[in-house]
Amino acid sequence: FGENAPDRWEDAFRPGTCHIALTIYARDEDALEKAIEVAMTELEASHGVTLVGTHSFGADADAKNPFGFRDSISQPTVAGGGVDPRGDERAIAAGEFILGENSETGSPLAVPQPDVLGRNGTYVVLRKFASRVGAFNEYLASQSPDPEEQHRIAAKMFGRWRSGAPLVLSPDHDDEELGNDPERRNDFTFEDDPKGLMCPHSSHMRRLNPRDSDLSIMTDVNIKRIIRRSSTYGPGWSPEVTSADDAKEDRGIYFIFISARAFDTIEFMQQEWINGGNFVDLGSERDPIVGLHEDDPTQGRFTIPAEPARKRIDGITTFNRMAGGEYLFMPSLSALRWIGEAGWTSDQSDAEA
């Protein structure tokens, strides 16, 4: 609704327009060009397929988002995946991400039929956001003329420093060495920060992965985990970017994740964790980074716990506008082979097909 309403989305994402999404990942530009050439050759040889849009996006070595913060750090450990969980984290049942495997309930979730199509597949949520980096920079400047203090406020809003170092492990200053260490930067809980004095409850990171936080509205966080890839497009972050630059909408995020509960998960996250605050006793306070801030002035508020009294900053606006989105089913490799071999016609009558 509002700025994020579908009638404001880019044409390719308008409801009923996009039926298939193809994402191509490659290790370098040469490999990408070759893969795109193969895809376009297949498109030209196809019948009844219309290309409605393309867009280049990716991630640099540090996976920085448009606001200059390292991203895609926290990923769930999948049981049976061959990777041991870090610290106090436990592995999440494979069925939360792959259809046909046992979920956290002990049983598989419903699988699309026929079984050869649905089994080992999953669901994908795709969101394209236009990021208002200039508005974010100017908001920080309105809070303090000191660049270091601006950096601290931004870290409080995100829950991490720009290097990726989490506030609960480095509450007073950025720590490049910590941020660059994949073994340490995500190995923590909120056990020693129950009041949010180091990492605010309303910060973006803590909202979308509460870990062991004491939530007012009980939620099984283990069925709200997602495997995600946040990729960016457009120029990288610079403190010189202004709101005048935002009008181009030439930079932003492609937020792509998989989950066997994709629809319920993203709707829950958007309604309860992003655009609400009751679950952390903050009423209508919204996520300061991806929340939709309009109409009610209290929605543009961000609470920073402190002793002896908490601090509240106001005037936060919508820093990421949704430019489009899709819900998709992602078939397994075996299902793709079945489709490619026209298995769907061999198992059904022509009338059913």
# chains A, B, ... in the order shown; residues from 1 in each chain; ligands from 1
call {"tool": "residues_around", "arguments": {"residues": "range 46-61 of chain A", "least_positions_apart": "6", "cutoff": "6 Å", "atoms": "only C-alpha atoms", "output": "mmCIF file with all heavy atoms, in the first residue's frame"}}
result
data_model
loop_
_atom_site.group_PDB
_atom_site.id
_atom_site.type_symbol
_atom_site.label_atom_id
_atom_site.label_comp_id
_atom_site.auth_asym_id
_atom_site.auth_seq_id
_atom_site.Cartn_x
_atom_site.Cartn_y
_atom_site.Cartn_z
ATOM 1 N N ALA A 12 7.404 -4.532 -15.443
ATOM 2 C CA ALA A 12 7.663 -5.980 -15.479
ATOM 3 C C ALA A 12 7.073 -6.710 -14.284
ATOM 4 O O ALA A 12 6.790 -7.911 -14.357
ATOM 5 C CB ALA A 12 9.168 -6.234 -15.555
ATOM 6 N N SER A 231 21.315 -8.720 -3.297
ATOM 7 C CA SER A 231 22.207 -8.185 -4.316
ATOM 8 C C SER A 231 21.825 -6.741 -4.609
ATOM 9 O O SER A 231 20.666 -6.349 -4.469
ATOM 10 C CB SER A 231 22.126 -9.018 -5.595
ATOM 11 O OG SER A 231 22.525 -10.352 -5.346
ATOM 12 N N THR A 232 22.797 -5.962 -5.019
ATOM 13 C CA THR A 232 22.563 -4.539 -5.247
ATOM 14 C C THR A 232 22.683 -4.189 -6.721
ATOM 15 O O THR A 232 23.238 -4.944 -7.527
ATOM 16 C CB THR A 232 23.569 -3.688 -4.458
ATOM 17 O OG1 THR A 232 24.898 -3.962 -4.936
ATOM 18 C CG2 THR A 232 23.512 -4.016 -2.976
ATOM 19 N N TYR A 233 22.156 -3.041 -7.055
ATOM 20 C CA TYR A 233 22.343 -2.484 -8.396
ATOM 21 C C TYR A 233 22.632 -0.993 -8.255
ATOM 22 O O TYR A 233 22.258 -0.363 -7.269
ATOM 23 C CB TYR A 233 21.117 -2.731 -9.282
ATOM 24 C CG TYR A 233 19.837 -2.074 -8.810
ATOM 25 C CD1 TYR A 233 19.488 -0.796 -9.250
ATOM 26 C CD2 TYR A 233 18.973 -2.720 -7.930
ATOM 27 C CE1 TYR A 233 18.315 -0.182 -8.824
ATOM 28 C CE2 TYR A 233 17.802 -2.128 -7.508
ATOM 29 C CZ TYR A 233 17.470 -0.855 -7.960
ATOM 30 O OH TYR A 233 16.319 -0.255 -7.539
#
call {"tool": "select_by_dssp", "arguments": {"residues": "range 169-263 of chain A", "states": "strand (DSSP E or B)", "output": "PyMOL selection string"}}
result
chain A and resi 227-233+252-259
call {"tool": "write_last_selection", "arguments": {"atoms": "C-alpha atoms", "output": "PDB file, in the first residue's frame"}}
result
ATOM      1  CA  ILE A 227      18.113 -18.480   2.915  1.00  0.00           C
ATOM      2  CA  ARG A 228      18.665 -15.213   1.132  1.00  0.00           C
ATOM      3  CA  ARG A 229      20.803 -13.384  -1.344  1.00  0.00           C
ATOM      4  CA  SER A 230      20.719  -9.601  -1.162  1.00  0.00           C
ATOM      5  CA  SER A 231      22.207  -8.185  -4.316  1.00  0.00           C
ATOM      6  CA  THR A 232      22.563  -4.539  -5.247  1.00  0.00           C
ATOM      7  CA  TYR A 233      22.343  -2.484  -8.396  1.00  0.00           C
ATOM      8  CA  GLY A 252      18.837  -0.331  -4.731  1.00  0.00           C
ATOM      9  CA  ILE A 253      18.481  -3.937  -3.648  1.00  0.00           C
ATOM     10  CA  TYR A 254      17.244  -7.167  -5.161  1.00  0.00           C
ATOM     11  CA  PHE A 255      16.069  -9.148  -2.139  1.00  0.00           C
ATOM     12  CA  ILE A 256      15.751 -12.828  -3.086  1.00  0.00           C
ATOM     13  CA  PHE A 257      15.138 -15.648  -0.622  1.00  0.00           C
ATOM     14  CA  ILE A 258      13.946 -19.241  -0.502  1.00  0.00           C
ATOM     15  CA  SER A 259      11.706 -20.854   2.085  1.00  0.00           C
TER      16      SER A 259
END
call {"tool": "residues_around", "arguments": {"residues": "His151 in chain A", "least_positions_apart": "6", "cutoff": "10 Å", "atoms": "only C-alpha atoms", "output": "ChimeraX atom specification"}}
result
/A:137,140-141,144,157,161-162,173-174
call {"tool": "write_last_selection", "arguments": {"atoms": "N, CA and C atoms", "output": "mmCIF file, in the first residue's frame"}}
result
data_model
loop_
_atom_site.group_PDB
_atom_site.id
_atom_site.type_symbol
_atom_site.label_atom_id
_atom_site.label_comp_id
_atom_site.auth_asym_id
_atom_site.auth_seq_id
_atom_site.Cartn_x
_atom_site.Cartn_y
_atom_site.Cartn_z
ATOM 1 N N ASN A 137 21.433 9.621 4.160
ATOM 2 C CA ASN A 137 22.580 10.465 4.529
ATOM 3 C C ASN A 137 22.128 11.772 5.160
ATOM 4 N N LEU A 140 20.782 11.329 8.750
ATOM 5 C CA LEU A 140 21.866 11.200 9.730
ATOM 6 C C LEU A 140 22.494 12.562 10.017
ATOM 7 N N ALA A 141 22.675 13.367 8.964
ATOM 8 C CA ALA A 141 23.268 14.696 9.141
ATOM 9 C C ALA A 141 22.367 15.595 9.974
ATOM 10 N N SER A 144 23.144 14.847 13.710
ATOM 11 C CA SER A 144 24.428 15.265 14.264
ATOM 12 C C SER A 144 25.346 15.759 13.148
ATOM 13 N N MET A 157 20.722 1.789 13.879
ATOM 14 C CA MET A 157 19.555 1.516 13.050
ATOM 15 C C MET A 157 19.671 0.166 12.351
ATOM 16 N N TRP A 161 27.878 -2.472 12.417
ATOM 17 C CA TRP A 161 28.677 -1.405 11.822
ATOM 18 C C TRP A 161 28.824 -1.680 10.330
ATOM 19 N N ARG A 162 29.313 -0.709 9.600
ATOM 20 C CA ARG A 162 29.412 -0.892 8.153
ATOM 21 C C ARG A 162 30.330 -2.051 7.768
ATOM 22 N N HIS A 173 32.542 0.856 18.895
ATOM 23 C CA HIS A 173 33.260 1.306 17.699
ATOM 24 C C HIS A 173 33.256 0.200 16.650
ATOM 25 N N ASP A 174 33.478 0.586 15.404
ATOM 26 C CA ASP A 174 33.551 -0.394 14.335
ATOM 27 C C ASP A 174 34.830 -1.214 14.508
#
call {"tool": "closest_residue", "arguments": {"among": "A:Val111, A:Ala91, A:Met40, A:Ile289", "to": "Thr318 in chain A", "atoms": "only C-alpha atoms"}}
result
A:Ile289
call {"tool": "residues_around", "arguments": {"residues": "Pro108 in chain A", "least_positions_apart": "5", "cutoff": "12 Å", "atoms": "only C-alpha atoms", "output": "NGL selection string"}}
result
:A and (93-103 or 119-120 or 260-261)
call {"tool": "write_last_selection", "arguments": {"atoms": "C-alpha atoms", "output": "CSV table (one decimal), in the first residue's frame"}}
result
chain,number,residue,atom,x,y,z
A,93,ALA,CA,15.2,-28.8,9.7
A,94,ALA,CA,15.8,-29.1,6.0
A,95,GLY,CA,12.0,-29.1,5.3
A,96,GLU,CA,11.8,-25.5,6.2
A,97,PHE,CA,13.7,-24.8,3.0
A,98,ILE,CA,13.2,-27.8,0.7
A,99,LEU,CA,9.8,-29.4,0.0
A,100,GLY,CA,9.6,-33.1,0.8
A,101,GLU,CA,11.9,-33.1,3.8
A,102,ASN,CA,10.8,-33.0,7.4
A,103,SER,CA,10.1,-29.5,8.7
A,119,ARG,CA,9.5,-32.7,-4.5
A,120,ASN,CA,12.9,-31.1,-3.7
A,260,ALA,CA,9.2,-23.7,2.1
A,261,ARG,CA,6.9,-21.3,3.9
call {"tool": "residues_around", "arguments": {"residues": "Ala21 in chain A", "least_positions_apart": "4", "cutoff": "10 Å", "atoms": "only C-alpha atoms", "output": "list in words"}}
result
Gly53, Thr54, Leu126, Glu326, Tyr327, Leu328, Phe329 and Met330 of chain A
call {"tool": "write_last_selection", "arguments": {"atoms": "N, CA and C atoms", "output": "CSV table (one decimal), in the first residue's frame"}}
result
chain,number,residue,atom,x,y,z
A,53,GLY,N,11.4,-7.8,-19.2
A,53,GLY,CA,12.3,-6.9,-18.6
A,53,GLY,C,13.6,-7.7,-18.2
A,54,THR,N,14.7,-7.0,-18.1
A,54,THR,CA,15.9,-7.5,-17.6
A,54,THR,C,16.6,-6.5,-16.7
A,126,LEU,N,10.8,-12.7,-4.4
A,126,LEU,CA,11.7,-11.7,-5.1
A,126,LEU,C,11.1,-10.3,-4.8
A,326,GLU,N,7.6,-10.6,-6.7
A,326,GLU,CA,7.0,-11.8,-7.2
A,326,GLU,C,7.1,-12.9,-6.2
A,327,TYR,N,6.1,-13.8,-6.2
A,327,TYR,CA,6.1,-15.0,-5.5
A,327,TYR,C,6.3,-16.1,-6.6
A,328,LEU,N,7.3,-17.0,-6.4
A,328,LEU,CA,7.7,-17.9,-7.4
A,328,LEU,C,7.9,-19.3,-6.8
A,329,PHE,N,7.6,-20.3,-7.6
A,329,PHE,CA,8.0,-21.7,-7.3
A,329,PHE,C,9.3,-22.0,-8.0
A,330,MET,N,10.2,-22.6,-7.3
A,330,MET,CA,11.5,-23.0,-7.9
A,330,MET,C,11.6,-24.5,-8.0
call {"tool": "residues_around", "arguments": {"residues": "range 78-88 of chain A", "least_positions_apart": "5", "cutoff": "8 Å", "atoms": "only C-alpha atoms", "output": "PyMOL selection string"}}
result
chain A and resi 93-94+183+186-189
call {"tool": "write_last_selection", "arguments": {"atoms": "N, CA, C and O atoms", "output": "PDB file, in the first residue's frame"}}
result
ATOM      1  N   ALA A  93      15.658 -27.616  10.498  1.00  0.00           N
ATOM      2  CA  ALA A  93      15.217 -28.759   9.701  1.00  0.00           C
ATOM      3  C   ALA A  93      15.181 -28.414   8.218  1.00  0.00           C
ATOM      4  O   ALA A  93      14.707 -27.345   7.829  1.00  0.00           O
ATOM      5  N   ALA A  94      15.666 -29.347   7.396  1.00  0.00           N
ATOM      6  CA  ALA A  94      15.773 -29.094   5.956  1.00  0.00           C
ATOM      7  C   ALA A  94      14.422 -28.793   5.318  1.00  0.00           C
ATOM      8  O   ALA A  94      14.335 -28.048   4.334  1.00  0.00           O
ATOM      9  N   GLU A 183      33.798 -16.338  10.681  1.00  0.00           N
ATOM     10  CA  GLU A 183      33.572 -17.243  11.795  1.00  0.00           C
ATOM     11  C   GLU A 183      33.064 -16.518  13.027  1.00  0.00           C
ATOM     12  O   GLU A 183      32.341 -17.089  13.844  1.00  0.00           O
ATOM     13  N   ASN A 186      29.077 -13.550  13.026  1.00  0.00           N
ATOM     14  CA  ASN A 186      27.697 -13.993  13.206  1.00  0.00           C
ATOM     15  C   ASN A 186      27.562 -14.984  14.355  1.00  0.00           C
ATOM     16  O   ASN A 186      26.524 -15.603  14.539  1.00  0.00           O
ATOM     17  N   ASP A 187      28.622 -15.111  15.149  1.00  0.00           N
ATOM     18  CA  ASP A 187      28.628 -16.057  16.262  1.00  0.00           C
ATOM     19  C   ASP A 187      28.311 -15.317  17.556  1.00  0.00           C
ATOM     20  O   ASP A 187      29.193 -14.976  18.334  1.00  0.00           O
ATOM     21  N   PHE A 188      27.027 -15.039  17.776  1.00  0.00           N
ATOM     22  CA  PHE A 188      26.613 -14.318  18.983  1.00  0.00           C
ATOM     23  C   PHE A 188      25.139 -14.544  19.246  1.00  0.00           C
ATOM     24  O   PHE A 188      24.390 -15.013  18.380  1.00  0.00           O
ATOM     25  N   THR A 189      24.724 -14.227  20.461  1.00  0.00           N
ATOM     26  CA  THR A 189      23.313 -14.205  20.838  1.00  0.00           C
ATOM     27  C   THR A 189      23.038 -12.843  21.486  1.00  0.00           C
ATOM     28  O   THR A 189      23.935 -12.011  21.620  1.00  0.00           O
TER      29      THR A 189
END
call {"tool": "select_by_dssp", "arguments": {"residues": "range 69-141 of chain A", "states": "alpha helix (DSSP H)", "output": "list of chain:residue names"}}
result
A:Asp115, A:Val116, A:Leu117, A:Gly118, A:Val133, A:Gly134, A:Ala135, A:Phe136, A:Asn137, A:Glu138, A:Tyr139, A:Leu140, A:Ala141
call {"tool": "atom_distance", "arguments": {"atom1": "CA of Glu177 in chain A", "atom2": "CA of Ser203 in chain A"}}
result
22.5 Å
call {"tool": "atom_distance", "arguments": {"atom1": "CA of Ala165 in chain A", "atom2": "CA of Ala262 in chain A"}}
result
28.3 Å
call {"tool": "residues_around", "arguments": {"residues": "Pro200 in chain A", "least_positions_apart": "3", "cutoff": "10 Å", "atoms": "only C-alpha atoms", "output": "PyMOL selection string"}}
result
chain A and resi 155-159+167-168+193-197+203-207+302-306
call {"tool": "closest_residue", "arguments": {"among": "A:Glu104, A:Glu307, A:Asp220, A:Glu294", "to": "Asn4 in chain A", "atoms": "only C-alpha atoms"}}
result
A:Glu294
call {"tool": "closest_residue", "arguments": {"among": "A:Pro210, A:Pro6, A:Gly324, A:Pro76", "to": "Val280 in chain A", "atoms": "only C-alpha atoms"}}
result
A:Pro210
call {"tool": "closest_residue", "arguments": {"among": "A:Ala342, A:Leu215, A:Cys18, A:Val125", "to": "Glu267 in chain A", "atoms": "only C-alpha atoms"}}
result
A:Val125
call {"tool": "atom_distance", "arguments": {"atom1": "CA of Val221 in chain A", "atom2": "CA of Asn278 in chain A"}}
result
15.8 Å
